Structure formats: C-alpha cells, structure tokens
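Colleague: One structure is given below, represented as structure tokens, and several questions about it will come after.
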Amino acid sequence: MSRYNDLTAGLQDIQEQLQRVPSKFHDQVFEDLYEAMKQGITASTADGLVFLDSVDFSGKSCDGYSLQDLADAKKPSSKVMLTTLIVYYLQTYLDETAITPSHVYTGYRVLNSALPSDFPQNLRDVASAKYGFIRSTDGILTLTPAGRRKMESMGEEE
C-alpha cells in the first residue's frame, strides 16, 4: 500500500506544479516531473529543482554539438553568462519551448559547475533590466533578442 500512497502523493505534487504553468506546456512539464518522480525526486527533496534525464545535453540530437562543446567555445565568465548560455543551448540547439528552472539546473549539473549560491536570484538577475538576457513568464524561460546577440558574439571578443 505504501507504493500506492507514494504514487498518489507524487501525482498530486505534479498536479499542483502543472497549475503554475500555462496549459500549452502541460505535456512537457508533466513528462519532466513524472520522470523526476520515478527517480524519487520531488519538489520538497530538491527545492523544486529536478534533474531532467529526458533532456539530451550530449549533442546526439543536434549534430553532435553538446552543451559542453558550447561552453568550451563561449567560455562564460560568470554565472549570469552560464545561465544564459544554458537557455541559449536549450532553445537554439534542442528547440526546447518549455524551458524551466529545472532545465537550467540540469545544465549546471551536466557541466559539473557549481550552482549559483542563490539560484532563484540568479534567474531573476539574468531576466532583470540590467541584463535582460532571458524572459521568465509563468515559470517558463525564453531567450530574449539581447540574450541571443550576447551568446552569438561571446567568444569572438578574443
């Protein structure tokens, strides 16, 4: 009976999370959260961030160009730039349309990079008027034109 209770609680948690995102993203977010639930990760065990095994940062789905390849080429010099680079990779190379903070968290983990000390603040900074590299709407992150320009020019300054 415990497994049933765990499954029920996990699905209720997913339902609560889905209420926070626009309906057009429900399928993708459900898939990501369900995968995390199967791994035993819930919002309460990871401060709302989950490692998304379903996202292929290895480059197999985009002509072999991995997130690590892009990070090596662009050499982000700060956590703001690294967060922007991860969103850029997801949106440009993987055609992700429902990028969540968990996607960015997964990117940091894949790169073996330490998370910013205040991850939610980092996301707010990257979306702030000071930088304006991403936009956050209902928990979904998108790259702005300024963010795209910054990523496309990064690494050319040398």
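Within each chain, counting starts at residue 1; across the structure tokens, chains are named A, B, ... in the order shown, with ligands numbered 1 upward in that order.
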Need to verify the contact set: region 18-34 of chain A, 8 Å, only C-alpha atoms, exclusion of same-chain residues closer than 5 positions in sequence. Can you return it as a PyMOL selection string?

Modeller: chain A and resi 11+50+52+54+98+138-140

Colleague: Would you put the residues from that selection into a file with N, CA and C atoms, as a tab-separated table (two decimals), in the first residue's frame?

Modeller:
```tsv
chain	number	residue	atom	x	y	z
A	11	LEU	N	1.75	12.14	-7.85
A	11	LEU	CA	0.86	12.66	-8.89
A	11	LEU	C	0.14	13.93	-8.42
A	50	VAL	N	14.59	19.70	-10.34
A	50	VAL	CA	14.78	18.28	-10.61
A	50	VAL	C	15.77	18.10	-11.74
A	52	LEU	N	16.70	16.52	-15.04
A	52	LEU	CA	15.88	16.04	-16.14
A	52	LEU	C	16.69	15.11	-17.05
A	54	SER	N	15.59	13.33	-19.28
A	54	SER	CA	14.99	13.28	-20.60
A	54	SER	C	15.59	14.32	-21.55
A	98	ALA	N	9.59	24.84	-23.63
A	98	ALA	CA	9.11	24.95	-22.25
A	98	ALA	C	10.30	24.79	-21.31
A	138	ASP	N	5.46	32.90	-16.23
A	138	ASP	CA	4.78	31.76	-15.63
A	138	ASP	C	5.72	30.57	-15.45
A	139	GLY	N	6.97	30.83	-15.08
A	139	GLY	CA	7.93	29.76	-14.83
A	139	GLY	C	8.61	29.20	-16.06
A	140	ILE	N	8.29	29.74	-17.23
A	140	ILE	CA	8.90	29.30	-18.49
A	140	ILE	C	9.93	30.34	-18.92
```

Colleague: As a PDB file with C-alpha atoms, in the first residue's frame, please: the residues near Asp69 (chain A) (cut-off 10 Å, only C-alpha atoms, same-chain neighbours under 5 positions excluded).

Modeller:
```pdb
ATOM      1  CA  PHE A  57      22.742  17.709 -23.488  1.00  0.00           C
ATOM      2  CA  SER A  58      25.205  15.303 -25.155  1.00  0.00           C
ATOM      3  CA  GLY A  59      24.586  16.666 -28.634  1.00  0.00           C
ATOM      4  CA  GLY A  64      26.979  16.141 -32.016  1.00  0.00           C
ATOM      5  CA  LYS A  74      31.972  30.507 -25.479  1.00  0.00           C
ATOM      6  CA  LYS A  75      33.809  30.390 -22.126  1.00  0.00           C
TER       7      LYS A  75
END
```

Colleague: Tell me which protein, DNA and RNA residues are within 7 Å of Gly132 (chain A), counting only C-alpha atoms, leaving out same-chain ones fewer than 4 positions away, and put them as a list in words.

Modeller: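 Answer for this query is Val126, Ala127, Ser128, Ala146 and Gly147 of chain A.
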
Colleague: One decimal, in Å: what's the spacing between CA of Thr137 (chain A) and CA of Val87 (chain A)?

Modeller: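 Value for the CA of Thr137 (chain A)-CA of Val87 (chain A) distance: 14.0 Å.
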
Colleague: Give me, please, the distance in Å between CA of Arg109 (chain A) and CA of Met151 (chain A), quoted to one decimal.

Modeller: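 A separation of 20.2 Å between them.
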
Colleague: If you run DSSP over the backbone, which residues in chain A end up helix (DSSP H, G or I)? Put them as a PyMOL selection string.

Modeller: chain A and resi 2-18+23-38+43-45+67-74+79-92+101-110+119-127+145-153

Colleague: Considering only C-alpha atoms, state which residue in the set A:Ile86, A:Pro76, A:Tyr65, A:Glu16 is at the smallest distance from Val110 (chain A).

Modeller: A:Ile86

Colleague: Of the candidates A:Val104, A:Ala129, A:Leu49, A:Ile99, which one gets nearest to Leu141 (chain A) if we count only C-alpha atoms?

Modeller: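 The answer is A:Ile99, which sits nearest to Leu141 (chain A).
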
Colleague: Interatomic distance between CA of Leu85 (chain A) and CA of Lys150 (chain A)?

Modeller: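 Result for CA of Leu85 (chain A) versus CA of Lys150 (chain A): 9.3 Å, one decimal.
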
Colleague: Name the residues of region 43-148 of chain A that come out as strand (DSSP E) in a backbone DSSP run; write them as a list in words.

Modeller: Ile134, Arg135, Ser136, Thr137, Ile140, Leu141, Thr142 and Leu143 of chain A

Colleague: Counting only C-alpha atoms, which of A:Val80, A:Ala73, A:Pro120, A:Thr100 gets nearest to Phe133 (chain A)?

Modeller: A:Val80

Colleague: Taking 3 positions as the minimum chain separation for residues in the same chain, which residues sit within 12 Å of Asp56 (chain A) when counting only C-alpha atoms? Answer as a list of chain:residue names.

Modeller: A:Phe51, A:Leu52, A:Asp53, A:Gly59, A:Lys60, A:Ser61, A:Cys62, A:Asp63, A:Gly64, A:Tyr65, A:Ser66, A:Leu67, A:Gln68, A:Tyr89, A:Leu90, A:Tyr93, A:Leu94, A:Asp95, A:Glu96, A:His103, A:Thr106, A:Gly107, A:Val110

Colleague: Can I get the selected residues back with N, CA and C atoms, as a tab-separated table (two decimals), in the first residue's frame?

Modeller:
```tsv
chain	number	residue	atom	x	y	z
A	51	PHE	N	16.53	17.04	-11.67
A	51	PHE	CA	17.45	16.68	-12.75
A	51	PHE	C	16.63	16.01	-13.84
A	52	LEU	N	16.70	16.52	-15.04
A	52	LEU	CA	15.88	16.04	-16.14
A	52	LEU	C	16.69	15.11	-17.05
A	53	ASP	N	16.61	13.82	-16.79
A	53	ASP	CA	17.30	12.85	-17.63
A	53	ASP	C	16.81	12.86	-19.06
A	59	GLY	N	24.44	16.26	-27.24
A	59	GLY	CA	24.59	16.67	-28.63
A	59	GLY	C	24.15	15.63	-29.65
A	60	LYS	N	23.74	14.44	-29.18
A	60	LYS	CA	23.33	13.39	-30.12
A	60	LYS	C	22.16	13.83	-30.98
A	61	SER	N	21.30	14.67	-30.44
A	61	SER	CA	20.11	15.08	-31.19
A	61	SER	C	20.35	16.35	-32.02
A	62	CYS	N	21.55	16.92	-31.95
A	62	CYS	CA	21.81	18.14	-32.73
A	62	CYS	C	23.21	18.10	-33.32
A	63	ASP	N	23.45	17.14	-34.16
A	63	ASP	CA	24.70	17.01	-34.92
A	63	ASP	C	25.95	16.93	-34.05
A	64	GLY	N	25.82	16.39	-32.85
A	64	GLY	CA	26.98	16.14	-32.02
A	64	GLY	C	27.52	17.33	-31.26
A	65	TYR	N	26.83	18.48	-31.29
A	65	TYR	CA	27.32	19.66	-30.59
A	65	TYR	C	26.69	19.69	-29.19
A	66	SER	N	27.49	19.36	-28.19
A	66	SER	CA	26.98	19.23	-26.83
A	66	SER	C	26.98	20.58	-26.10
A	67	LEU	N	26.31	20.60	-24.98
A	67	LEU	CA	26.35	21.78	-24.12
A	67	LEU	C	27.79	22.04	-23.70
A	68	GLN	N	28.54	20.99	-23.40
A	68	GLN	CA	29.95	21.16	-23.01
A	68	GLN	C	30.75	21.78	-24.14
A	89	TYR	N	21.41	27.29	-25.40
A	89	TYR	CA	21.61	25.94	-25.94
A	89	TYR	C	20.27	25.20	-26.05
A	90	LEU	N	19.51	25.24	-24.99
A	90	LEU	CA	18.22	24.54	-24.98
A	90	LEU	C	17.30	25.05	-26.08
A	93	TYR	N	19.67	24.90	-29.90
A	93	TYR	CA	20.15	23.61	-30.39
A	93	TYR	C	19.15	22.48	-30.18
A	94	LEU	N	18.41	22.53	-29.07
A	94	LEU	CA	17.47	21.45	-28.76
A	94	LEU	C	16.01	21.82	-29.06
A	95	ASP	N	15.77	23.04	-29.51
A	95	ASP	CA	14.41	23.51	-29.84
A	95	ASP	C	13.43	23.32	-28.69
A	96	GLU	N	13.90	23.46	-27.46
A	96	GLU	CA	13.02	23.38	-26.29
A	96	GLU	C	12.17	24.63	-26.24
A	103	HIS	N	15.49	22.77	-16.10
A	103	HIS	CA	16.35	22.60	-17.27
A	103	HIS	C	17.71	23.26	-17.04
A	106	THR	N	19.69	21.33	-14.53
A	106	THR	CA	20.26	20.13	-15.17
A	106	THR	C	21.49	20.51	-15.98
A	107	GLY	N	21.42	21.63	-16.68
A	107	GLY	CA	22.58	22.09	-17.45
A	107	GLY	C	23.79	22.33	-16.56
A	110	VAL	N	25.13	18.91	-15.62
A	110	VAL	CA	25.79	18.25	-16.75
A	110	VAL	C	27.19	18.84	-16.96
```
